[in-house]
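Asker: The following file, upload-v4.pdb, comprises PDB, C-alpha atoms, pLDDT in the B column:
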ATOM      1  CA  MET A 931     -22.613  17.395  -1.735  1.00 61.00           C
ATOM      2  CA  ILE A 932     -21.772  13.745  -2.447  1.00 66.00           C
ATOM      3  CA  GLY A 933     -22.946  10.918  -0.217  1.00 65.00           C
ATOM      4  CA  GLY A 934     -23.997  13.416   2.425  1.00 74.00           C
ATOM      5  CA  ARG A 935     -20.501  14.979   2.556  1.00 79.00           C
ATOM      6  CA  GLU A 936     -19.341  18.305   1.116  1.00 81.00           C
ATOM      7  CA  ASP A 937     -15.583  17.773   0.899  1.00 91.00           C
ATOM      8  CA  VAL A 938     -15.326  14.451  -0.929  1.00 94.00           C
ATOM      9  CA  ILE A 939     -14.450  13.376  -4.470  1.00 93.00           C
ATOM     10  CA  ALA A 940     -16.617  10.809  -6.263  1.00 91.00           C
ATOM     11  CA  VAL A 941     -14.708   8.019  -8.034  1.00 89.00           C
ATOM     12  CA  CYS A 942     -16.336   5.358 -10.247  1.00 86.00           C
ATOM     13  CA  GLY A 943     -15.282   2.173 -11.996  1.00 84.00           C
ATOM     14  CA  HIS A 944     -14.363   2.092 -15.690  1.00 83.00           C
ATOM     15  CA  TYR A 945     -14.029   0.050 -18.863  1.00 85.00           C
ATOM     16  CA  ASN A 946     -10.747  -0.346 -20.735  1.00 84.00           C
ATOM     17  CA  VAL A 947     -11.470  -0.018 -24.464  1.00 86.00           C
ATOM     18  CA  ARG A 948      -9.048  -1.531 -26.991  1.00 83.00           C
ATOM     19  CA  SER A 949      -9.168  -2.136 -30.721  1.00 78.00           C
ATOM     20  CA  GLU A 950      -9.089  -5.863 -31.519  1.00 74.00           C
ATOM     21  CA  LYS A 951      -8.838  -6.560 -35.260  1.00 74.00           C
ATOM     22  CA  GLY A 952     -10.478  -3.217 -36.021  1.00 75.00           C
ATOM     23  CA  ILE A 953     -13.307  -3.703 -33.526  1.00 78.00           C
ATOM     24  CA  LEU A 954     -13.495  -1.711 -30.297  1.00 80.00           C
ATOM     25  CA  ARG A 955     -14.058  -3.985 -27.303  1.00 82.00           C
ATOM     26  CA  ARG A 956     -14.737  -3.024 -23.725  1.00 82.00           C
ATOM     27  CA  HIS A 957     -13.250  -4.844 -20.765  1.00 82.00           C
ATOM     28  CA  HIS A 958     -14.483  -4.057 -17.283  1.00 78.00           C
ATOM     29  CA  GLN A 959     -11.585  -3.159 -15.006  1.00 69.00           C
ATOM     30  CA  LYS A 960     -12.842  -4.947 -11.904  1.00 70.00           C
ATOM     31  CA  ALA A 961     -12.181  -3.214  -8.612  1.00 68.00           C
ATOM     32  CA  GLN A 962     -10.485  -4.950  -5.708  1.00 69.00           C
ATOM     33  CA  GLN A 963     -11.847  -2.446  -3.183  1.00 76.00           C
ATOM     34  CA  ALA A 964     -15.230  -2.258  -1.532  1.00 82.00           C
ATOM     35  CA  PRO A 965     -17.486   0.707  -2.404  1.00 86.00           C
ATOM     36  CA  GLY A 966     -18.108   3.470   0.100  1.00 89.00           C
ATOM     37  CA  PHE A 967     -16.259   6.291   1.831  1.00 92.00           C
ATOM     38  CA  VAL A 968     -12.451   6.145   2.006  1.00 91.00           C
ATOM     39  CA  PRO A 969     -10.526   8.747   4.101  1.00 92.00           C
ATOM     40  CA  ALA A 970      -8.042  10.947   2.232  1.00 91.00           C
ATOM     41  CA  GLU A 971      -4.964   9.584   4.016  1.00 89.00           C
ATOM     42  CA  GLN A 972      -5.895   5.999   3.122  1.00 88.00           C
ATOM     43  CA  VAL A 973      -6.408   7.007  -0.518  1.00 88.00           C
ATOM     44  CA  LEU A 974      -3.016   8.731  -0.690  1.00 87.00           C
ATOM     45  CA  GLN A 975      -1.306   5.741   0.905  1.00 83.00           C
ATOM     46  CA  SER A 976      -2.688   3.544  -1.897  1.00 81.00           C
ATOM     47  CA  LEU A 977      -0.716   5.472  -4.543  1.00 72.00           C
ATOM     48  CA  LEU A 978       1.617   2.550  -5.309  1.00 63.00           C
ATOM     49  CA  GLU A 979      -1.192  -0.008  -5.524  1.00 67.00           C
ATOM     50  CA  GLY A 980      -3.273   2.033  -7.950  1.00 67.00           C
ATOM     51  CA  SER A 981      -6.318   1.108  -5.876  1.00 71.00           C
ATOM     52  CA  TYR A 982      -8.314   4.288  -6.439  1.00 73.00           C
ATOM     53  CA  SER A 983      -6.826   5.405  -9.779  1.00 73.00           C
ATOM     54  CA  LEU A 984      -4.900   8.352  -8.351  1.00 76.00           C
ATOM     55  CA  THR A 985      -2.754   8.544 -11.476  1.00 77.00           C
ATOM     56  CA  SER A 986      -5.699   9.624 -13.643  1.00 82.00           C
ATOM     57  CA  ALA A 987      -7.932  12.694 -13.358  1.00 85.00           C
ATOM     58  CA  CYS A 988     -10.669  10.821 -15.232  1.00 83.00           C
ATOM     59  CA  TYR A 989     -13.732   9.020 -13.822  1.00 84.00           C
ATOM     60  CA  LYS A 990     -13.953  11.426 -10.897  1.00 90.00           C
ATOM     61  CA  LEU A 991     -16.300  14.234  -9.855  1.00 90.00           C
ATOM     62  CA  TYR A 992     -14.633  17.056  -7.924  1.00 93.00           C
ATOM     63  CA  PRO A 993     -16.361  19.666  -5.773  1.00 92.00           C
ATOM     64  CA  VAL A 994     -15.585  23.049  -7.342  1.00 92.00           C
ATOM     65  CA  HIS A 995     -14.338  24.578  -4.079  1.00 92.00           C
ATOM     66  CA  ILE A 996     -11.641  21.862  -3.797  1.00 92.00           C
ATOM     67  CA  ILE A 997     -10.149  22.333  -7.262  1.00 92.00           C
ATOM     68  CA  ARG A 998     -10.891  26.045  -7.803  1.00 92.00           C
ATOM     69  CA  GLU A 999      -7.231  27.022  -7.304  1.00 91.00           C
ATOM     70  CA  LEU A1000      -5.676  23.860  -8.783  1.00 92.00           C
ATOM     71  CA  ARG A1001      -4.244  23.848 -12.296  1.00 91.00           C
ATOM     72  CA  PHE A1002      -2.466  21.317 -14.477  1.00 91.00           C
ATOM     73  CA  ASP A1003       1.181  22.324 -14.802  1.00 89.00           C
ATOM     74  CA  PRO A1004       1.839  22.962 -18.541  1.00 90.00           C
ATOM     75  CA  ASP A1005       5.497  21.985 -18.070  1.00 92.00           C
ATOM     76  CA  ILE A1006       4.666  18.475 -16.812  1.00 92.00           C
ATOM     77  CA  TYR A1007       3.819  16.009 -19.588  1.00 88.00           C
ATOM     78  CA  ASN A1008       3.700  12.787 -17.601  1.00 87.00           C
ATOM     79  CA  MET A1009       2.104  12.199 -14.178  1.00 88.00           C
ATOM     80  CA  GLU A1010       0.362  15.584 -14.454  1.00 91.00           C
ATOM     81  CA  ASP A1011      -2.908  13.755 -13.699  1.00 89.00           C
ATOM     82  CA  GLY A1012      -1.346  12.109 -10.664  1.00 88.00           C
ATOM     83  CA  LEU A1013      -0.113  15.422  -9.280  1.00 91.00           C
ATOM     84  CA  PHE A1014      -3.512  17.063  -9.787  1.00 92.00           C
ATOM     85  CA  CYS A1015      -5.375  14.169  -8.121  1.00 91.00           C
ATOM     86  CA  PHE A1016      -2.893  13.974  -5.269  1.00 90.00           C
ATOM     87  CA  GLN A1017      -3.354  17.670  -4.534  1.00 92.00           C
ATOM     88  CA  ALA A1018      -7.153  17.455  -4.817  1.00 93.00           C
ATOM     89  CA  VAL A1019      -7.452  14.433  -2.514  1.00 92.00           C
ATOM     90  CA  GLY A1020      -5.101  16.129  -0.051  1.00 91.00           C
ATOM     91  CA  GLN A1021      -7.570  19.020   0.239  1.00 92.00           C
ATOM     92  CA  SER A1022     -10.585  16.734   0.697  1.00 93.00           C
ATOM     93  CA  GLU A1023     -12.036  14.501   3.412  1.00 94.00           C
ATOM     94  CA  GLY A1024     -11.581  11.573   1.079  1.00 92.00           C
ATOM     95  CA  ILE A1025     -13.503   9.860  -1.708  1.00 92.00           C
ATOM     96  CA  ILE A1026     -16.831   8.144  -2.220  1.00 91.00           C
ATOM     97  CA  TYR A1027     -15.919   5.067  -4.240  1.00 89.00           C
ATOM     98  CA  SER A1028     -18.294   3.246  -6.589  1.00 87.00           C
ATOM     99  CA  THR A1029     -17.274   0.026  -8.343  1.00 85.00           C
ATOM    100  CA  GLU A1030     -19.926   0.543 -11.051  1.00 86.00           C
ATOM    101  CA  PRO A1031     -18.208   1.302 -14.404  1.00 84.00           C
ATOM    102  CA  LYS A1032     -19.394   4.640 -15.795  1.00 85.00           C
ATOM    103  CA  TRP A1033     -16.360   5.646 -17.838  1.00 84.00           C
ATOM    104  CA  ASN A1034     -14.622   4.374 -20.973  1.00 84.00           C
ATOM    105  CA  ILE A1035     -10.840   4.620 -21.377  1.00 82.00           C
ATOM    106  CA  LEU A1036      -9.605   4.199 -24.949  1.00 81.00           C
ATOM    107  CA  PHE A1037      -6.135   2.669 -25.294  1.00 77.00           C
ATOM    108  CA  ARG A1038      -4.871   4.109 -28.575  1.00 72.00           C
ATOM    109  CA  GLU A1039      -1.700   2.794 -30.220  1.00 69.00           C
ATOM    110  CA  GLY A1040       0.669   5.619 -31.077  1.00 62.00           C
ATOM    111  CA  SER A1041      -0.550   7.887 -28.272  1.00 64.00           C
ATOM    112  CA  PHE A1042       2.042   9.761 -26.204  1.00 59.00           C
ATOM    113  CA  THR A1043       1.868   7.322 -23.300  1.00 61.00           C
ATOM    114  CA  ARG A1044       2.131   4.253 -25.564  1.00 60.00           C
ATOM    115  CA  SER A1045       4.785   5.320 -28.078  1.00 64.00           C
ATOM    116  CA  GLY A1046       8.023   4.253 -26.404  1.00 71.00           C
ATOM    117  CA  TYR A1047      10.549   6.308 -24.466  1.00 78.00           C
ATOM    118  CA  ASN A1048      10.329  10.083 -24.684  1.00 84.00           C
ATOM    119  CA  ALA A1049      12.437  12.606 -22.775  1.00 85.00           C
ATOM    120  CA  LYS A1050       9.227  14.381 -21.721  1.00 88.00           C
ATOM    121  CA  TYR A1051       8.501  11.372 -19.509  1.00 89.00           C
ATOM    122  CA  LEU A1052      11.202  12.731 -17.197  1.00 91.00           C
ATOM    123  CA  THR A1053       8.722  15.357 -16.022  1.00 92.00           C
ATOM    124  CA  ALA A1054       7.065  12.548 -14.033  1.00 90.00           C
ATOM    125  CA  ILE A1055      10.031  12.906 -11.684  1.00 90.00           C
ATOM    126  CA  THR A1056       9.151  16.575 -11.182  1.00 91.00           C
ATOM    127  CA  ALA A1057       5.520  15.674 -10.480  1.00 92.00           C
ATOM    128  CA  ILE A1058       6.392  13.178  -7.747  1.00 89.00           C
ATOM    129  CA  GLU A1059       8.943  15.568  -6.243  1.00 90.00           C
ATOM    130  CA  ARG A1060       6.175  18.190  -6.009  1.00 90.00           C
ATOM    131  CA  MET A1061       4.085  15.688  -4.037  1.00 89.00           C
ATOM    132  CA  MET A1062       7.057  14.954  -1.802  1.00 87.00           C
ATOM    133  CA  ASP A1063       7.817  18.619  -1.094  1.00 86.00           C
ATOM    134  CA  HIS A1064       4.682  19.053   1.031  1.00 79.00           C
ATOM    135  CA  ASN A1065       4.624  15.666   2.741  1.00 82.00           C
ATOM    136  CA  LYS A1066       8.054  15.183   4.301  1.00 78.00           C
ATOM    137  CA  THR A1067       6.600  14.715   7.792  1.00 77.00           C
ATOM    138  CA  SER A1068       3.434  12.832   6.857  1.00 80.00           C
ATOM    139  CA  THR A1069       2.670   9.113   6.830  1.00 83.00           C
ATOM    140  CA  VAL A1070       2.528   9.316   3.017  1.00 85.00           C
ATOM    141  CA  TRP A1071       6.258  10.132   2.747  1.00 84.00           C
ATOM    142  CA  PRO A1072       7.569   6.539   2.494  1.00 81.00           C
ATOM    143  CA  ILE A1073       4.945   5.762  -0.162  1.00 82.00           C
ATOM    144  CA  LEU A1074       6.066   8.774  -2.207  1.00 85.00           C
ATOM    145  CA  VAL A1075       9.751   7.887  -1.869  1.00 83.00           C
ATOM    146  CA  SER A1076       8.996   4.384  -3.095  1.00 81.00           C
ATOM    147  CA  ALA A1077       6.843   5.728  -5.955  1.00 82.00           C
ATOM    148  CA  PHE A1078       9.667   8.081  -6.941  1.00 85.00           C
ATOM    149  CA  PHE A1079      12.252   5.300  -6.841  1.00 82.00           C
ATOM    150  CA  LEU A1080      10.154   2.850  -8.876  1.00 82.00           C
ATOM    151  CA  ARG A1081       9.063   5.415 -11.488  1.00 86.00           C
ATOM    152  CA  ALA A1082      12.622   6.669 -11.984  1.00 87.00           C
ATOM    153  CA  LEU A1083      13.805   3.070 -12.247  1.00 85.00           C
ATOM    154  CA  GLN A1084      11.171   2.312 -14.890  1.00 86.00           C
ATOM    155  CA  LEU A1085      12.199   5.409 -16.870  1.00 89.00           C
ATOM    156  CA  LEU A1086      15.844   4.367 -16.652  1.00 89.00           C
ATOM    157  CA  ASN A1087      14.945   0.911 -17.964  1.00 87.00           C
ATOM    158  CA  ASP A1088      13.097   2.524 -20.889  1.00 88.00           C
ATOM    159  CA  ALA A1089      15.916   4.990 -21.587  1.00 89.00           C
ATOM    160  CA  LEU A1090      18.466   2.153 -21.718  1.00 88.00           C
ATOM    161  CA  LEU A1091      16.287   0.259 -24.217  1.00 86.00           C
ATOM    162  CA  ASP A1092      15.701   3.314 -26.418  1.00 87.00           C
ATOM    163  CA  PRO A1093      17.584   2.916 -29.749  1.00 84.00           C
ATOM    164  CA  ASP A1094      18.647   6.584 -29.622  1.00 82.00           C
ATOM    165  CA  LYS A1095      19.941   6.315 -26.035  1.00 79.00           C
ATOM    166  CA  ASN A1096      20.220   9.826 -24.608  1.00 86.00           C
ATOM    167  CA  ILE A1097      23.214   9.606 -22.260  1.00 88.00           C
ATOM    168  CA  GLU A1098      22.242  12.844 -20.500  1.00 90.00           C
ATOM    169  CA  ASP A1099      18.810  11.402 -19.634  1.00 90.00           C
ATOM    170  CA  ILE A1100      20.369   8.173 -18.379  1.00 89.00           C
ATOM    171  CA  LEU A1101      22.886   9.990 -16.180  1.00 89.00           C
ATOM    172  CA  PHE A1102      20.158  12.335 -14.904  1.00 89.00           C
ATOM    173  CA  LEU A1103      17.981   9.382 -13.878  1.00 89.00           C
ATOM    174  CA  ARG A1104      20.882   7.569 -12.259  1.00 88.00           C
ATOM    175  CA  GLU A1105      21.661  10.670 -10.205  1.00 87.00           C
ATOM    176  CA  LYS A1106      18.011  11.083  -9.169  1.00 85.00           C
ATOM    177  CA  ILE A1107      17.681   7.440  -8.147  1.00 82.00           C
ATOM    178  CA  ALA A1108      20.931   7.596  -6.183  1.00 80.00           C
ATOM    179  CA  SER A1109      19.681  10.645  -4.273  1.00 79.00           C
ATOM    180  CA  TYR A1110      16.815   8.588  -2.804  1.00 73.00           C
ATOM    181  CA  ALA A1111      18.377   5.134  -2.991  1.00 66.00           C
ATOM    182  CA  ASP A1112      18.802   4.654   0.764  1.00 62.00           C
ATOM    183  CA  SER A1113      15.118   5.361   1.424  1.00 59.00           C
ATOM    184  CA  GLY A1114      13.715   3.970  -1.825  1.00 52.00           C
ATOM    185  CA  VAL A1115      15.367   0.559  -1.630  1.00 52.00           C
ATOM    186  CA  PHE A1116      14.032   0.135   1.878  1.00 51.00           C
ATOM    187  CA  TYR A1117      10.445   0.235   0.608  1.00 55.00           C
ATOM    188  CA  VAL A1118      10.890  -1.964  -2.486  1.00 58.00           C
ATOM    189  CA  LYS A1119       9.628  -5.457  -1.706  1.00 60.00           C
ATOM    190  CA  LYS A1120      10.737  -7.530  -4.728  1.00 65.00           C
ATOM    191  CA  PHE A1121      14.289  -8.858  -4.724  1.00 61.00           C
ATOM    192  CA  THR A1122      14.342  -8.924  -8.536  1.00 67.00           C
ATOM    193  CA  THR A1123      13.526  -5.195  -8.599  1.00 70.00           C
ATOM    194  CA  LEU A1124      16.404  -4.487  -6.212  1.00 67.00           C
ATOM    195  CA  LEU A1125      18.807  -6.630  -8.243  1.00 71.00           C
ATOM    196  CA  ASN A1126      17.750  -4.889 -11.445  1.00 73.00           C
ATOM    197  CA  ALA A1127      18.244  -1.487  -9.778  1.00 73.00           C
ATOM    198  CA  ILE A1128      21.745  -2.348  -8.603  1.00 74.00           C
ATOM    199  CA  LEU A1129      22.806  -3.622 -12.024  1.00 77.00           C
ATOM    200  CA  ILE A1130      21.482  -0.746 -14.151  1.00 77.00           C
ATOM    201  CA  LEU A1131      22.814   1.829 -11.688  1.00 76.00           C
ATOM    202  CA  ARG A1132      26.304   0.371 -11.339  1.00 77.00           C
ATOM    203  CA  LEU A1133      27.120  -1.120 -14.744  1.00 80.00           C
ATOM    204  CA  PRO A1134      28.566   1.041 -17.538  1.00 83.00           C
ATOM    205  CA  VAL A1135      25.760   2.399 -19.727  1.00 83.00           C
ATOM    206  CA  SER A1136      26.492   0.149 -22.731  1.00 84.00           C
ATOM    207  CA  ILE A1137      26.600  -2.995 -20.573  1.00 84.00           C
ATOM    208  CA  ALA A1138      23.488  -1.941 -18.625  1.00 81.00           C
ATOM    209  CA  ALA A1139      21.636  -1.466 -21.933  1.00 82.00           C
ATOM    210  CA  GLY A1140      22.713  -4.918 -23.111  1.00 84.00           C
ATOM    211  CA  TYR A1141      21.588  -6.425 -19.832  1.00 78.00           C
ATOM    212  CA  ARG A1142      18.122  -4.833 -20.141  1.00 80.00           C
ATOM    213  CA  LYS A1143      17.751  -6.050 -23.747  1.00 81.00           C
ATOM    214  CA  ALA A1144      18.624  -9.586 -22.650  1.00 84.00           C
ATOM    215  CA  VAL A1145      16.070  -9.471 -19.822  1.00 77.00           C
ATOM    216  CA  VAL A1146      13.326  -8.283 -22.193  1.00 78.00           C
ATOM    217  CA  ALA A1147      14.222 -10.946 -24.776  1.00 81.00           C
ATOM    218  CA  ILE A1148      14.071 -13.722 -22.149  1.00 77.00           C
ATOM    219  CA  ARG A1149      10.753 -12.403 -20.833  1.00 75.00           C
ATOM    220  CA  ASN A1150       9.219 -12.294 -24.339  1.00 75.00           C
ATOM    221  CA  THR A1151      10.439 -15.845 -25.070  1.00 78.00           C
ATOM    222  CA  ARG A1152       8.780 -17.130 -21.906  1.00 73.00           C
ATOM    223  CA  ARG A1153       5.516 -15.401 -22.800  1.00 71.00           C
ATOM    224  CA  ARG A1154       5.460 -16.975 -26.267  1.00 73.00           C
ATOM    225  CA  LYS A1155       5.900 -20.435 -24.734  1.00 69.00           C
ATOM    226  CA  ARG A1156       2.864 -20.061 -22.445  1.00 63.00           C
TER     227      ARG A1156
END
Please lay out the structure from this file as structure tokens.
Answerer:
Amino acid sequence: MIGGREDVIAVCGHYNVRSEKGILRRHHQKAQQAPGFVPAEQVLQSLLEGSYSLTSACYKLYPVHIIRELRFDPDIYNMEDGLFCFQAVGQSEGIIYSTEPKWNILFREGSFTRSGYNAKYLTAITAIERMMDHNKTSTVWPILVSAFFLRALQLLNDALLDPDKNIEDILFLREKIASYADSGVFYVKKFTTLLNAILILRLPVSIAAGYRKAVVAIRNTRRRKR
């Protein structure tokens, strides 16, 4: 029982740990949300904002009866945490949220999630589709469609920038994005994101790749001038 409730998941704050000139330094990831009980539906609707760290299975305590039948899918290499958490929260009343940091997350250069594009990242699409399969009539549906659209778009950006450009991956992602484009675009708020989506979906692959490289180069130049 957590906070006087049996069917809730406890979530705490955390530190981001990075190596700076060979020295590990901790940075408190400050929460934007107030501590206390948050209903499951509200937590699930925050998926895009990252408010309650749904994309990570870490810094959480789960009642055994909620996760007894849940398993990480061995065929999903990216977003497997998100799928697990989404399913767990969906079977709970909600979460008890604490802003106090009690967990350390080490950002390690060269790790799978920080080593550039990898075809295994495409399994994130499968993870989000699994979430969508059971929520087509719920209030979470538009959030999931938007999450799917944005994640697939990010993967397509990365695939276009990859020196080894796998054309099959690029075409697969374009097809997936197109299948939800009507709904996904509706929920994307930034005009620049929409413009980027249109260009990388419609331009020939070689031109789309050149466009993405130019955007990244301009962005890096602006950062160096700050």
Asker: Could the centre and edge lengths of an axis-aligned box, enclosing all atoms of stretch 960-971 of chain A in the file with 3 Å extra on each side, be given in Å to one decimal as JSON?
Answerer:
{"center_x": -11.5, "center_y": 3.0, "center_z": -3.9, "size_x": 19.1, "size_y": 21.9, "size_z": 22.0}
Asker: Given the file above and the PyMOL selection byres ((chain A and resi 1016) around 9), which residues are selected, and can you give them as number ranges by chain?
Answerer: A: 974, 977, 984-985, 1011-1015, 1017-1021, 1061
Asker: Quick one: distance from atom CA of A:Gln975 to atom CA of A:Ile1073 in Å, one decimal?
Answerer: 6.3 Å
Asker: Kindly resolve the PyMOL selection byres ((chain A and resi 944-956) around 12) on the present coordinates and return the residues as a PyMOL selection string.
Answerer: chain A and resi 941-943+957-961+982-983+986+988-990+1027-1039
Asker: Applied to the shown file, which residues does the PyMOL selection byres ((chain A and resi 1130) around 10) return, written as a ChimeraX atom specification?
Answerer: /A:1083,1086-1087,1090,1100,1104,1125-1129,1131-1142
Asker: When you draw a straight line from atom CA of A:Ala1089 to atom CA of A:Gly1046, how long is it in Å?
Answerer: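 Interatomic distance here is 9.3 Å.
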Asker: Could you tell me how far atom CA of A:Ile996 lies from atom CA of A:Arg1060, in Å and to one decimal?
Answerer: 18.3 Å
Asker: Pick from A:Leu1085, A:Tyr1051, A:Pro969, A:Ala1057: nearest to A:Asp1003, with only C-alpha atoms counted?
Answerer: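 Smallest distance to A:Asp1003 is found for A:Ala1057.
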Asker: Which residue gives the smallest distance to A:Gly934 among A:Leu1091, A:Ile1026, A:Ile1058, A:Ile1006, with all atoms listed in the file counted?
Answerer: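 Nearest candidate to A:Gly934 out of A:Leu1091, A:Ile1026, A:Ile1058, A:Ile1006: A:Ile1026.
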Asker: Which of these, A:Val994, A:Ile1025, A:Ala1049, A:Ala1144, has the shortest distance to A:Glu1098 once you count only C-alpha atoms?
Answerer: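 Looking only at the distances to A:Glu1098, the closest residue turns out to be A:Ala1049.
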Asker: Have a look at A:Glu971, A:Glu1010, A:Asp1088, A:Asp1094 and name the one nearest to A:Ser1022; count all atoms listed in the file.
Answerer: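 Counting all atoms listed in the file, the residue closest to A:Ser1022 is A:Glu971.
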Asker: In terms of the shortest atom-to-atom distance over all atoms listed in the file, which of A:Arg1153, A:Gln963, A:Val973, A:Ile939 is closest to A:His995?
Answerer: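 With all atoms listed in the file as the atom set, the closest residue is A:Ile939.
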